[in-house]
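Visitor: Hey, dropping input30.cif in here, mmCIF, C-alpha atoms:
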data_entry
loop_
_atom_site.label_atom_id
_atom_site.label_comp_id
_atom_site.auth_asym_id
_atom_site.auth_seq_id
_atom_site.Cartn_x
_atom_site.Cartn_y
_atom_site.Cartn_z
CA MET N 1 35.37 49.62 -19.66
CA ASN N 2 34.49 52.13 -16.95
CA GLN N 3 37.09 53.76 -14.73
CA GLU N 4 36.13 51.77 -11.62
CA ARG N 5 36.74 48.45 -13.36
CA ALA N 6 40.00 49.77 -14.82
CA ASP N 7 41.15 50.73 -11.31
CA ARG N 8 40.30 47.26 -10.02
CA GLU N 9 42.21 45.60 -12.82
CA GLY N 10 45.18 47.87 -12.21
CA ALA N 11 45.23 46.97 -8.52
CA PHE N 12 45.13 43.27 -9.43
CA GLN N 13 48.04 43.37 -11.90
CA VAL N 14 50.37 41.10 -9.97
CA THR N 15 52.15 38.06 -11.33
CA ARG N 16 50.45 34.69 -11.48
CA VAL N 17 53.01 33.42 -8.95
CA GLU N 18 51.96 36.16 -6.53
CA ARG N 19 48.28 35.35 -7.02
CA MET N 20 48.94 31.66 -6.44
CA GLU N 21 50.79 32.59 -3.24
CA ARG N 22 47.76 34.61 -2.18
CA LEU N 23 45.62 31.53 -2.80
CA GLN N 24 47.62 29.82 -0.06
CA GLN N 25 46.40 32.48 2.38
CA VAL N 26 42.72 31.61 1.89
CA ARG N 27 41.11 29.55 4.62
CA VAL N 28 38.16 27.32 3.85
CA VAL N 29 36.09 27.20 7.03
CA LEU N 30 33.46 24.53 7.69
CA VAL N 31 31.10 25.30 10.57
CA GLU N 32 30.02 22.18 12.48
CA PRO N 33 30.38 19.69 9.60
CA ALA N 34 28.50 16.48 10.38
CA GLY N 35 29.60 14.20 7.53
CA PRO N 36 33.11 12.71 7.57
CA LEU N 37 32.71 11.79 3.89
CA ASN N 38 32.11 15.45 3.12
CA VAL N 39 35.15 16.54 5.12
CA GLY N 40 37.38 14.05 3.33
CA ALA N 41 35.99 14.97 -0.09
CA ILE N 42 36.54 18.66 0.65
CA ALA N 43 40.17 18.04 1.63
CA ARG N 44 40.66 16.38 -1.77
CA ILE N 45 38.93 19.22 -3.61
CA LEU N 46 41.08 21.82 -1.88
CA LYS N 47 44.28 20.05 -2.86
CA ASN N 48 42.98 19.69 -6.44
CA MET N 49 42.58 23.46 -6.64
CA GLY N 50 45.76 24.49 -4.81
CA LEU N 51 44.15 25.36 -1.48
CA HIS N 52 45.59 23.92 1.71
CA GLN N 53 44.09 25.71 4.70
CA LEU N 54 41.07 23.85 6.12
CA PHE N 55 39.46 25.03 9.35
CA LEU N 56 36.78 22.99 11.14
CA VAL N 57 34.60 24.79 13.67
CA ASN N 58 33.28 22.42 16.33
CA PRO N 59 33.03 19.43 13.95
CA GLN N 60 30.19 17.00 14.65
CA CYS N 61 32.11 14.04 13.21
CA ASP N 62 35.57 12.52 13.34
CA PRO N 63 37.50 14.40 10.63
CA HIS N 64 40.42 11.99 10.90
CA GLY N 65 38.43 8.75 10.87
CA ALA N 66 38.39 6.04 8.23
CA HIS N 67 35.53 7.53 6.18
CA ALA N 68 37.18 10.94 5.93
CA ARG N 69 40.55 9.39 5.04
CA GLN N 70 38.92 7.23 2.39
CA MET N 71 37.44 10.26 0.60
CA ALA N 72 40.56 12.41 0.94
CA VAL N 73 42.61 9.92 -1.17
CA HIS N 74 45.91 11.75 -1.86
CA ALA N 75 44.98 14.83 0.21
CA GLN N 76 45.77 13.25 3.57
CA ASP N 77 48.12 16.15 4.30
CA VAL N 78 45.28 18.67 3.94
CA LEU N 79 42.96 16.51 6.05
CA HIS N 80 45.42 15.96 8.87
CA GLY N 81 46.57 19.57 8.71
CA ALA N 82 43.01 20.83 9.27
CA GLN N 83 42.77 23.15 12.24
CA ILE N 84 39.96 22.33 14.66
CA VAL N 85 38.68 25.36 16.58
CA PRO N 86 35.73 25.85 18.95
CA THR N 87 34.19 28.99 17.43
CA LEU N 88 33.89 30.81 14.13
CA ALA N 89 35.67 33.81 15.65
CA ASP N 90 38.70 31.57 16.30
CA ALA N 91 38.71 30.41 12.68
CA LEU N 92 38.58 34.01 11.42
CA ARG N 93 41.35 35.37 13.63
CA ASN N 94 43.71 37.64 11.63
CA CYS N 95 41.49 37.43 8.52
CA ARG N 96 40.92 40.75 6.77
CA ARG N 97 38.54 39.54 4.06
CA VAL N 98 35.71 37.13 4.85
CA ILE N 99 33.04 35.75 2.52
CA ALA N 100 30.19 33.67 3.92
CA THR N 101 28.07 31.30 1.87
CA THR N 102 24.35 30.71 1.99
CA GLY N 103 22.01 28.32 0.25
CA ARG N 104 19.07 30.67 0.75
CA GLU N 105 18.13 32.82 -2.22
CA GLN N 106 16.77 35.41 0.22
CA THR N 107 17.79 36.29 3.77
CA THR N 108 16.39 38.61 6.40
CA LEU N 109 19.72 40.42 6.44
CA ASN N 110 20.31 43.52 4.36
CA VAL N 111 23.11 41.96 2.33
CA THR N 112 23.79 41.53 -1.38
CA LEU N 113 23.98 37.89 -2.47
CA GLU N 114 26.75 37.52 -5.05
CA PRO N 115 27.70 34.66 -7.38
CA PRO N 116 31.09 32.99 -6.80
CA SER N 117 32.81 34.40 -9.90
CA GLN N 118 31.96 37.94 -8.86
CA CYS N 119 33.11 38.00 -5.27
CA LEU N 120 35.68 35.24 -4.69
CA PRO N 121 38.64 36.93 -6.49
CA TRP N 122 38.28 39.69 -3.88
CA LEU N 123 39.88 37.29 -1.39
CA LEU N 124 43.05 37.48 -3.50
CA MET N 125 43.32 41.28 -3.52
CA ASP N 126 46.26 41.27 -1.11
CA ASP N 127 48.57 38.81 0.62
CA THR N 128 46.78 38.83 3.98
CA PRO N 129 44.68 35.94 5.31
CA GLY N 130 41.14 35.63 3.99
CA ALA N 131 38.36 33.14 4.66
CA LEU N 132 35.51 31.46 2.83
CA VAL N 133 32.93 30.15 5.30
CA PHE N 134 30.49 27.28 4.74
CA GLY N 135 27.65 26.31 7.05
CA ARG N 136 26.16 23.08 8.32
CA GLU N 137 24.93 20.48 5.86
CA ASP N 138 21.34 20.67 7.09
CA ARG N 139 20.80 24.35 7.83
CA GLY N 140 23.80 26.39 6.70
CA LEU N 141 24.98 29.45 8.60
CA ALA N 142 22.91 31.33 11.16
CA ASN N 143 22.36 35.06 10.66
CA GLU N 144 24.87 35.95 13.37
CA GLU N 145 27.48 33.87 11.52
CA LEU N 146 26.66 35.44 8.14
CA ASN N 147 27.04 38.79 9.86
CA GLN N 148 30.71 38.11 10.59
CA ALA N 149 31.53 38.36 6.88
CA GLN N 150 31.84 41.41 4.65
CA ARG N 151 30.33 39.68 1.64
CA CYS N 152 27.80 36.91 1.12
CA LEU N 153 27.95 34.30 -1.64
CA TYR N 154 25.05 32.38 -3.19
CA ILE N 155 25.39 29.73 -5.90
CA PRO N 156 22.48 30.26 -8.33
CA SER N 157 21.50 26.62 -8.85
CA ASP N 158 18.39 25.48 -10.71
CA PRO N 159 15.18 26.20 -8.75
CA ILE N 160 13.82 22.74 -9.60
CA TYR N 161 16.51 21.19 -7.38
CA PRO N 162 18.54 23.99 -5.78
CA SER N 163 20.06 22.11 -2.85
CA LEU N 164 23.80 21.46 -3.20
CA ASN N 165 25.83 18.95 -1.24
CA LEU N 166 28.42 20.70 0.95
CA ALA N 167 31.35 19.19 -0.94
CA GLN N 168 29.80 20.22 -4.26
CA ALA N 169 29.44 23.81 -3.09
CA VAL N 170 33.05 23.86 -1.90
CA ALA N 171 34.18 22.43 -5.25
CA ILE N 172 32.44 25.19 -7.22
CA CYS N 173 33.94 27.90 -5.01
CA ALA N 174 37.42 26.36 -4.95
CA TYR N 175 37.40 26.26 -8.76
CA GLU N 176 36.40 29.93 -8.95
CA LEU N 177 39.15 30.85 -6.50
CA ARG N 178 41.68 29.06 -8.66
CA MET N 179 40.40 30.87 -11.74
CA GLY N 180 40.94 34.12 -9.85
CA ALA N 181 44.49 33.09 -9.00
CA LEU N 182 45.12 32.23 -12.65
CA GLY N 183 44.00 35.71 -13.63
CA THR N 184 40.82 34.81 -15.49
CA ARG N 185 38.55 36.65 -13.04
CA VAL N 186 38.67 40.35 -12.10
CA PRO N 187 37.79 41.11 -8.45
CA ASP N 188 34.87 43.42 -7.77
CA GLN N 189 35.04 45.95 -4.97
CA ALA N 190 32.76 44.82 -2.16
CA PRO N 191 29.47 46.71 -1.83
CA SER N 192 30.13 49.79 0.29
CA VAL N 193 27.97 52.17 2.29
CA ILE N 194 29.90 54.97 0.58
CA ALA N 195 29.80 53.50 -2.90
CA ASP N 196 31.69 56.35 -4.55
CA LEU N 197 34.61 56.11 -2.14
CA PRO N 198 35.80 52.48 -2.17
CA SER N 199 38.63 51.92 0.28
CA THR N 200 42.01 50.98 -1.21
CA ALA N 201 43.38 49.87 2.18
CA SER N 202 43.03 46.31 3.37
CA PRO N 203 40.09 45.76 5.73
CA ALA N 204 40.97 45.49 9.42
CA PRO N 205 41.47 41.99 10.87
CA HIS N 206 38.27 40.29 11.94
CA GLU N 207 39.06 40.39 15.66
CA GLN N 208 39.77 44.14 15.59
CA LEU N 209 36.36 44.90 14.12
CA GLU N 210 34.70 42.47 16.53
CA GLY N 211 36.42 44.11 19.48
CA TYR N 212 35.29 47.55 18.35
CA LEU N 213 31.69 46.38 17.86
CA GLN N 214 31.65 44.90 21.36
CA ASP N 215 32.91 48.22 22.77
CA LEU N 216 30.32 50.11 20.72
CA GLU N 217 27.50 47.85 21.96
CA ALA N 218 28.54 48.40 25.59
CA LEU N 219 28.62 52.17 25.08
CA LEU N 220 25.24 52.27 23.34
CA LEU N 221 23.73 50.28 26.20
CA THR N 222 25.23 52.73 28.69
CA VAL N 223 23.74 55.79 26.98
CA GLY N 224 20.38 54.12 26.43
CA TYR N 225 20.43 53.91 22.66
CA LEU N 226 20.30 50.13 22.94
CA HIS N 227 18.03 48.23 25.32
CA PRO N 228 18.68 44.67 26.50
CA HIS N 229 15.57 43.22 24.85
CA THR N 230 16.31 44.77 21.42
CA ARG N 231 20.11 44.90 21.43
CA GLY N 232 20.46 41.83 19.18
CA SER N 233 18.37 43.10 16.28
CA ARG N 234 19.74 46.66 16.52
CA MET N 235 23.35 45.50 16.63
CA GLU N 236 22.72 43.20 13.66
CA LYS N 237 21.84 46.23 11.54
CA ILE N 238 24.75 48.27 12.89
CA ARG N 239 27.14 45.39 12.21
CA GLN N 240 26.00 45.20 8.58
CA ILE N 241 26.85 48.86 8.06
CA TYR N 242 30.40 48.34 9.31
CA GLN N 243 30.89 45.11 7.36
CA ARG N 244 29.83 46.78 4.11
CA SER N 245 32.08 49.79 4.65
CA LEU N 246 35.25 47.65 5.06
CA PRO N 247 36.98 49.78 7.76
CA SER N 248 40.77 49.58 7.76
CA ASP N 249 43.13 49.31 10.74
CA ASN N 250 43.39 53.10 10.89
CA ASP N 251 39.61 53.45 10.68
CA ILE N 252 39.13 51.10 13.64
CA ALA N 253 41.80 52.94 15.63
CA LEU N 254 39.99 56.23 14.99
CA LEU N 255 36.59 54.78 15.93
CA ARG N 256 37.92 53.22 19.13
CA GLY N 257 39.51 56.54 20.03
CA MET N 258 36.10 58.18 19.71
CA ILE N 259 34.60 55.59 22.07
CA ARG N 260 37.36 56.14 24.63
CA GLN N 261 36.73 59.90 24.53
CA MET N 262 32.97 59.43 24.94
CA ARG N 263 33.52 57.14 27.92
CA TRP N 264 35.83 59.73 29.48
CA ALA N 265 33.20 62.45 28.95
CA LEU N 266 30.50 60.24 30.52
CA ARG N 267 32.64 59.64 33.58
CA LYS N 268 33.18 63.37 34.01
CA THR N 269 29.43 63.97 34.15
CA GLU N 270 28.78 61.34 36.81
#
Starting from the file, give its structure as structure tokens.
Guide:
Amino acid sequence: MNQERADREGAFQVTRVERMERLQQVRVVLVEPAGPLNVGAIARILKNMGLHQLFLVNPQCDPHGAHARQMAVHAQDVLHGAQIVPTLADALRNCRRVIATTGREQTTLNVTLEPPSQCLPWLLMDDTPGALVFGREDRGLANEELNQAQRCLYIPSDPIYPSLNLAQAVAICAYELRMGALGTRVPDQAPSVIADLPSTASPAPHEQLEGYLQDLEALLLTVGYLHPHTRGSRMEKIRQIYQRSLPSDNDIALLRGMIRQMRWALRKTE
């Protein structure tokens, strides 16, 4: 066993009770689900595996209707406790660790696609809120939504028939999360820009990083590094760098301080 894996195992040596408590902090986020049967089935799956936080982003169905209730069976509490929010950013508020899922074996983003058993225990590395995000039944998550996560999950299904039903994909991931909570999976450090210096601090909350990136985009437009017609593609690449590096609260505070100083210097030269 190499030293890096030994360090990860050492950091994860908490009691099973503590890991199960951390499981309660994980949000399962469905972006624009269209099938009430899927929503109900997912509520049941979550309760089966000890997960209780269900977030629905702009649902395209009635998550509390008869079809959803029928599939939820004895998980009516999870179904009726589901939080309905208008945007993905609202669902990720206060989350420090976010994993997005994709059904595409390849993406145009410069991200590493990881199997569930490798990356999901990372959501249990501390007792802060984390999120596992699933996309629409017909087309999954858009690139800008994938870009709001630090890690990206892909279930390596058989190429003859790779398409998974949304509830099936959630079931696989919920099972792997429970295995992580039971201590049968060792979390891997997320891929980092500085691979030899993995951060031991918790990543900053989602909204802090988003706020910094918005400030950075405005500054880069001001100085002419970004241009309106290319800002989207450039910022996509910049965002990936920050997501991979897992900046902490203190990192974001330092970076925002740099932006404030640069703005002050720009005003002085006007």
Visitor: Please evaluate the PyMOL selection byres ((chain N and resi 149) around 10) against the structure above and give the resulting residues as a list in words.
Guide: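 This file, filtered by the PyMOL selection byres ((chain N and resi 149) around 10), leaves Leu92, Arg96, Arg97, Val98, Ile99, Ala100, Thr101, Ala131, Leu132, Val133, Glu144, Glu145, Leu146, Asn147, Gln148, Gln150, Arg151, Cys152, His206, Arg239, Gln240, Gln243 and Arg244 of chain N.
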Visitor: How far is it from CA of Ala43 (chain N) to CA of Met179 (chain N), in Å with one decimal?
Guide: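 Rounded to one decimal, the two atoms are 18.5 Å apart.
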Visitor: If you apply the PyMOL selection byres ((chain N and resi 169-177) around 7) to this file, what residues do you get, as a PDB file with C-alpha atoms, in the frame of the given file?
Guide:
ATOM      1  CA  ILE N  42      36.540  18.660   0.650  1.00  0.00           C
ATOM      2  CA  ILE N  45      38.930  19.220  -3.610  1.00  0.00           C
ATOM      3  CA  LEU N  46      41.080  21.820  -1.880  1.00  0.00           C
ATOM      4  CA  MET N  49      42.580  23.460  -6.640  1.00  0.00           C
ATOM      5  CA  PRO N 116      31.090  32.990  -6.800  1.00  0.00           C
ATOM      6  CA  SER N 117      32.810  34.400  -9.900  1.00  0.00           C
ATOM      7  CA  LEU N 120      35.680  35.240  -4.690  1.00  0.00           C
ATOM      8  CA  PRO N 121      38.640  36.930  -6.490  1.00  0.00           C
ATOM      9  CA  LEU N 164      23.800  21.460  -3.200  1.00  0.00           C
ATOM     10  CA  ASN N 165      25.830  18.950  -1.240  1.00  0.00           C
ATOM     11  CA  LEU N 166      28.420  20.700   0.950  1.00  0.00           C
ATOM     12  CA  ALA N 167      31.350  19.190  -0.940  1.00  0.00           C
ATOM     13  CA  GLN N 168      29.800  20.220  -4.260  1.00  0.00           C
ATOM     14  CA  ARG N 178      41.680  29.060  -8.660  1.00  0.00           C
ATOM     15  CA  MET N 179      40.400  30.870 -11.740  1.00  0.00           C
ATOM     16  CA  GLY N 180      40.940  34.120  -9.850  1.00  0.00           C
ATOM     17  CA  ALA N 181      44.490  33.090  -9.000  1.00  0.00           C
TER      18      ALA N 181
END
Visitor: Which polymer residues have any atom within 10 Å of an atom of Cys95 (chain N), counting all atoms listed in the file, with same-chain residues fewer than 3 positions away left out, as number ranges by chain?
Guide: N: 25-27, 89, 91-92, 98, 128-131, 203-208
Visitor: Can you give me, as a list in words, the residues this file yields under the PyMOL selection byres ((chain N and resi 126) around 9)?
Guide: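 This file gives the following for the PyMOL selection byres ((chain N and resi 126) around 9): Phe12, Arg19, Arg22, Trp122, Leu123, Leu124, Met125, Asp127, Thr128, Pro129 and Ser202 of chain N.
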Visitor: Could the residues in this selection be written to a file with C-alpha atoms, as an mmCIF file, in the coordinates of the input?
Guide:
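Result file is result-v2.cif:
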data_model
loop_
_atom_site.group_PDB
_atom_site.id
_atom_site.type_symbol
_atom_site.label_atom_id
_atom_site.label_comp_id
_atom_site.auth_asym_id
_atom_site.auth_seq_id
_atom_site.Cartn_x
_atom_site.Cartn_y
_atom_site.Cartn_z
ATOM 1 C CA PHE N 12 45.130 43.270 -9.430
ATOM 2 C CA ARG N 19 48.280 35.350 -7.020
ATOM 3 C CA ARG N 22 47.760 34.610 -2.180
ATOM 4 C CA TRP N 122 38.280 39.690 -3.880
ATOM 5 C CA LEU N 123 39.880 37.290 -1.390
ATOM 6 C CA LEU N 124 43.050 37.480 -3.500
ATOM 7 C CA MET N 125 43.320 41.280 -3.520
ATOM 8 C CA ASP N 127 48.570 38.810 0.620
ATOM 9 C CA THR N 128 46.780 38.830 3.980
ATOM 10 C CA PRO N 129 44.680 35.940 5.310
ATOM 11 C CA SER N 202 43.030 46.310 3.370
#
Visitor: Could you work out an axis-aligned box for region 63-75 of chain N, taking every atom the file lists and adding 4 Å on each side, and report centre and edge lengths in Å to one decimal, as lines of an AutoDock Vina configuration file?
Guide:
center_x = 40.7
center_y = 10.4
center_z = 4.5
size_x = 18.4
size_y = 16.8
size_z = 20.8
Visitor: Quick one: distance from CA of Thr108 (chain N) to CA of Leu30 (chain N) in Å, one decimal?
Guide: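 Separation between CA of Thr108 (chain N) and CA of Leu30 (chain N): 22.2 Å.
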Visitor: If you measure from CA of Lys237 (chain N) to CA of Val223 (chain N), what distance in Å do you get, rounded to one decimal?
Guide: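 So the answer is 18.3 Å.
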Visitor: Leaving out Gly140 (chain N) and any residue of its chain fewer than 4 positions from it, which residues lie within 8 Å of it when counting only C-alpha atoms, given as a list in words?
Guide: Thr102, Gly103, Phe134, Gly135 and Arg136 of chain N
Visitor: Do you know which residues are at most 9 Å from Pro115 (chain N) counting only C-alpha atoms, after dropping those on the same chain fewer than 6 positions away, and could you put them as a list of chain:residue names?
Guide: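 The contact residues come out as N:Cys152, N:Leu153, N:Tyr154, N:Ile155, N:Pro156.
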Visitor: Residues within 9 Å of region 259-262 of chain N, please, as JSON, numbers by chain. Count only C-alpha atoms; anything in the same chain fewer than 6 positions from it doesn't count.
Guide: {"N": [212, 215, 216, 219]}
Visitor: Identify which of the residues N:Thr107, N:Leu213, N:Asp62, N:Gly40 lies closest to Asp77 (chain N), counting all atoms listed in the file when measuring atom-to-atom distances.
Guide: N:Gly40
Visitor: I'd like to know which of N:Glu137, N:Asp90, N:Ile84, N:Gly183 is closest to Thr15 (chain N), using all atoms listed in the file.
Guide: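 Looking only at the distances to Thr15 (chain N), the closest residue turns out to be N:Gly183.
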Visitor: Just checking: using all atoms listed in the file, which residue out of N:Val73, N:Ala82, N:Ala68, N:Leu37 ends up closest to Leu54 (chain N)?
Guide: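 Under the stated criterion, the closest residue is N:Ala82.
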Visitor: Which one of N:Arg93, N:His52, N:Arg16, N:Arg44 sits closest to Ala72 (chain N) if you count all atoms listed in the file?
Guide: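 The answer is N:Arg44, which sits nearest to Ala72 (chain N).
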Visitor: Can you pull out every residue within 10 Å of Arg69 (chain N), counting only C-alpha atoms, but drop anything in the same chain fewer than 2 positions away, and send it as a list of chain:residue names?
Guide: N:Pro36, N:Leu37, N:Val39, N:Gly40, N:Ala41, N:Ala43, N:Arg44, N:Pro63, N:His64, N:Gly65, N:Ala66, N:His67, N:Met71, N:Ala72, N:Val73, N:His74, N:Ala75, N:Gln76, N:Leu79, N:His80
Visitor: Choose the residue, out of N:Asn110, N:Gln53, N:Ser233, N:Asn94, that has the smallest atom-to-atom separation from Glu210 (chain N); count only C-alpha atoms.
Guide: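 Ranking N:Asn110, N:Gln53, N:Ser233, N:Asn94 by distance to Glu210 (chain N), first place goes to N:Asn94.
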Visitor: Rebuild region 152-173 of chain N so that it carries N, CA, C and O atoms, then output the result as a PDB file, keeping the file's coordinate frame.
Guide:
ATOM      1  N   CYS N 152      28.610  38.123   1.007  1.00  0.00           N
ATOM      2  CA  CYS N 152      27.800  36.910   1.120  1.00  0.00           C
ATOM      3  C   CYS N 152      27.616  36.282  -0.261  1.00  0.00           C
ATOM      4  O   CYS N 152      27.197  36.962  -1.204  1.00  0.00           O
ATOM      5  N   LEU N 153      27.928  35.010  -0.363  1.00  0.00           N
ATOM      6  CA  LEU N 153      27.950  34.300  -1.640  1.00  0.00           C
ATOM      7  C   LEU N 153      26.756  33.346  -1.722  1.00  0.00           C
ATOM      8  O   LEU N 153      26.414  32.661  -0.751  1.00  0.00           O
ATOM      9  N   TYR N 154      26.154  33.299  -2.907  1.00  0.00           N
ATOM     10  CA  TYR N 154      25.050  32.380  -3.190  1.00  0.00           C
ATOM     11  C   TYR N 154      25.291  31.751  -4.553  1.00  0.00           C
ATOM     12  O   TYR N 154      25.567  32.463  -5.527  1.00  0.00           O
ATOM     13  N   ILE N 155      25.214  30.427  -4.624  1.00  0.00           N
ATOM     14  CA  ILE N 155      25.390  29.730  -5.900  1.00  0.00           C
ATOM     15  C   ILE N 155      24.016  29.606  -6.557  1.00  0.00           C
ATOM     16  O   ILE N 155      23.130  28.932  -6.017  1.00  0.00           O
ATOM     17  N   PRO N 156      23.806  30.249  -7.706  1.00  0.00           N
ATOM     18  CA  PRO N 156      22.480  30.260  -8.330  1.00  0.00           C
ATOM     19  C   PRO N 156      22.177  28.938  -9.044  1.00  0.00           C
ATOM     20  O   PRO N 156      22.245  28.835 -10.264  1.00  0.00           O
ATOM     21  N   SER N 157      21.823  27.926  -8.281  1.00  0.00           N
ATOM     22  CA  SER N 157      21.500  26.620  -8.850  1.00  0.00           C
ATOM     23  C   SER N 157      20.069  26.624  -9.395  1.00  0.00           C
ATOM     24  O   SER N 157      19.313  27.574  -9.185  1.00  0.00           O
ATOM     25  N   ASP N 158      19.704  25.554 -10.073  1.00  0.00           N
ATOM     26  CA  ASP N 158      18.390  25.480 -10.710  1.00  0.00           C
ATOM     27  C   ASP N 158      17.279  25.388  -9.657  1.00  0.00           C
ATOM     28  O   ASP N 158      17.392  24.586  -8.717  1.00  0.00           O
ATOM     29  N   PRO N 159      16.233  26.201  -9.771  1.00  0.00           N
ATOM     30  CA  PRO N 159      15.180  26.200  -8.750  1.00  0.00           C
ATOM     31  C   PRO N 159      14.417  24.880  -8.641  1.00  0.00           C
ATOM     32  O   PRO N 159      13.797  24.606  -7.611  1.00  0.00           O
ATOM     33  N   ILE N 160      14.488  24.034  -9.672  1.00  0.00           N
ATOM     34  CA  ILE N 160      13.820  22.740  -9.600  1.00  0.00           C
ATOM     35  C   ILE N 160      14.466  21.847  -8.535  1.00  0.00           C
ATOM     36  O   ILE N 160      13.790  21.110  -7.824  1.00  0.00           O
ATOM     37  N   TYR N 161      15.783  21.958  -8.402  1.00  0.00           N
ATOM     38  CA  TYR N 161      16.510  21.190  -7.380  1.00  0.00           C
ATOM     39  C   TYR N 161      17.710  22.020  -6.939  1.00  0.00           C
ATOM     40  O   TYR N 161      18.838  21.781  -7.347  1.00  0.00           O
ATOM     41  N   PRO N 162      17.488  23.031  -6.095  1.00  0.00           N
ATOM     42  CA  PRO N 162      18.540  23.990  -5.780  1.00  0.00           C
ATOM     43  C   PRO N 162      19.558  23.518  -4.749  1.00  0.00           C
ATOM     44  O   PRO N 162      20.645  24.074  -4.659  1.00  0.00           O
ATOM     45  N   SER N 163      19.214  22.506  -3.967  1.00  0.00           N
ATOM     46  CA  SER N 163      20.060  22.110  -2.850  1.00  0.00           C
ATOM     47  C   SER N 163      21.361  21.473  -3.337  1.00  0.00           C
ATOM     48  O   SER N 163      21.353  20.520  -4.129  1.00  0.00           O
ATOM     49  N   LEU N 164      22.489  21.998  -2.860  1.00  0.00           N
ATOM     50  CA  LEU N 164      23.800  21.460  -3.200  1.00  0.00           C
ATOM     51  C   LEU N 164      24.385  20.732  -2.004  1.00  0.00           C
ATOM     52  O   LEU N 164      24.273  21.185  -0.866  1.00  0.00           O
ATOM     53  N   ASN N 165      25.027  19.617  -2.259  1.00  0.00           N
ATOM     54  CA  ASN N 165      25.830  18.950  -1.240  1.00  0.00           C
ATOM     55  C   ASN N 165      26.966  19.884  -0.825  1.00  0.00           C
ATOM     56  O   ASN N 165      27.491  20.644  -1.641  1.00  0.00           O
ATOM     57  N   LEU N 166      27.377  19.809   0.453  1.00  0.00           N
ATOM     58  CA  LEU N 166      28.420  20.700   0.950  1.00  0.00           C
ATOM     59  C   LEU N 166      29.697  20.575   0.124  1.00  0.00           C
ATOM     60  O   LEU N 166      30.309  21.586  -0.260  1.00  0.00           O
ATOM     61  N   ALA N 167      30.111  19.367  -0.164  1.00  0.00           N
ATOM     62  CA  ALA N 167      31.350  19.190  -0.940  1.00  0.00           C
ATOM     63  C   ALA N 167      31.208  19.748  -2.349  1.00  0.00           C
ATOM     64  O   ALA N 167      32.167  20.287  -2.907  1.00  0.00           O
ATOM     65  N   GLN N 168      30.020  19.638  -2.935  1.00  0.00           N
ATOM     66  CA  GLN N 168      29.800  20.220  -4.260  1.00  0.00           C
ATOM     67  C   GLN N 168      29.941  21.733  -4.230  1.00  0.00           C
ATOM     68  O   GLN N 168      30.558  22.335  -5.121  1.00  0.00           O
ATOM     69  N   ALA N 169      29.357  22.355  -3.206  1.00  0.00           N
ATOM     70  CA  ALA N 169      29.440  23.810  -3.090  1.00  0.00           C
ATOM     71  C   ALA N 169      30.887  24.257  -2.906  1.00  0.00           C
ATOM     72  O   ALA N 169      31.330  25.240  -3.526  1.00  0.00           O
ATOM     73  N   VAL N 170      31.637  23.520  -2.090  1.00  0.00           N
ATOM     74  CA  VAL N 170      33.050  23.860  -1.900  1.00  0.00           C
ATOM     75  C   VAL N 170      33.806  23.697  -3.219  1.00  0.00           C
ATOM     76  O   VAL N 170      34.665  24.523  -3.558  1.00  0.00           O
ATOM     77  N   ALA N 171      33.490  22.662  -3.982  1.00  0.00           N
ATOM     78  CA  ALA N 171      34.180  22.430  -5.250  1.00  0.00           C
ATOM     79  C   ALA N 171      33.967  23.589  -6.215  1.00  0.00           C
ATOM     80  O   ALA N 171      34.915  24.062  -6.869  1.00  0.00           O
ATOM     81  N   ILE N 172      32.730  24.068  -6.327  1.00  0.00           N
ATOM     82  CA  ILE N 172      32.440  25.190  -7.220  1.00  0.00           C
ATOM     83  C   ILE N 172      33.245  26.419  -6.801  1.00  0.00           C
ATOM     84  O   ILE N 172      33.863  27.102  -7.635  1.00  0.00           O
ATOM     85  N   CYS N 173      33.246  26.700  -5.506  1.00  0.00           N
ATOM     86  CA  CYS N 173      33.940  27.900  -5.010  1.00  0.00           C
ATOM     87  C   CYS N 173      35.455  27.759  -5.117  1.00  0.00           C
ATOM     88  O   CYS N 173      36.152  28.728  -5.456  1.00  0.00           O
TER      89      CYS N 173
END
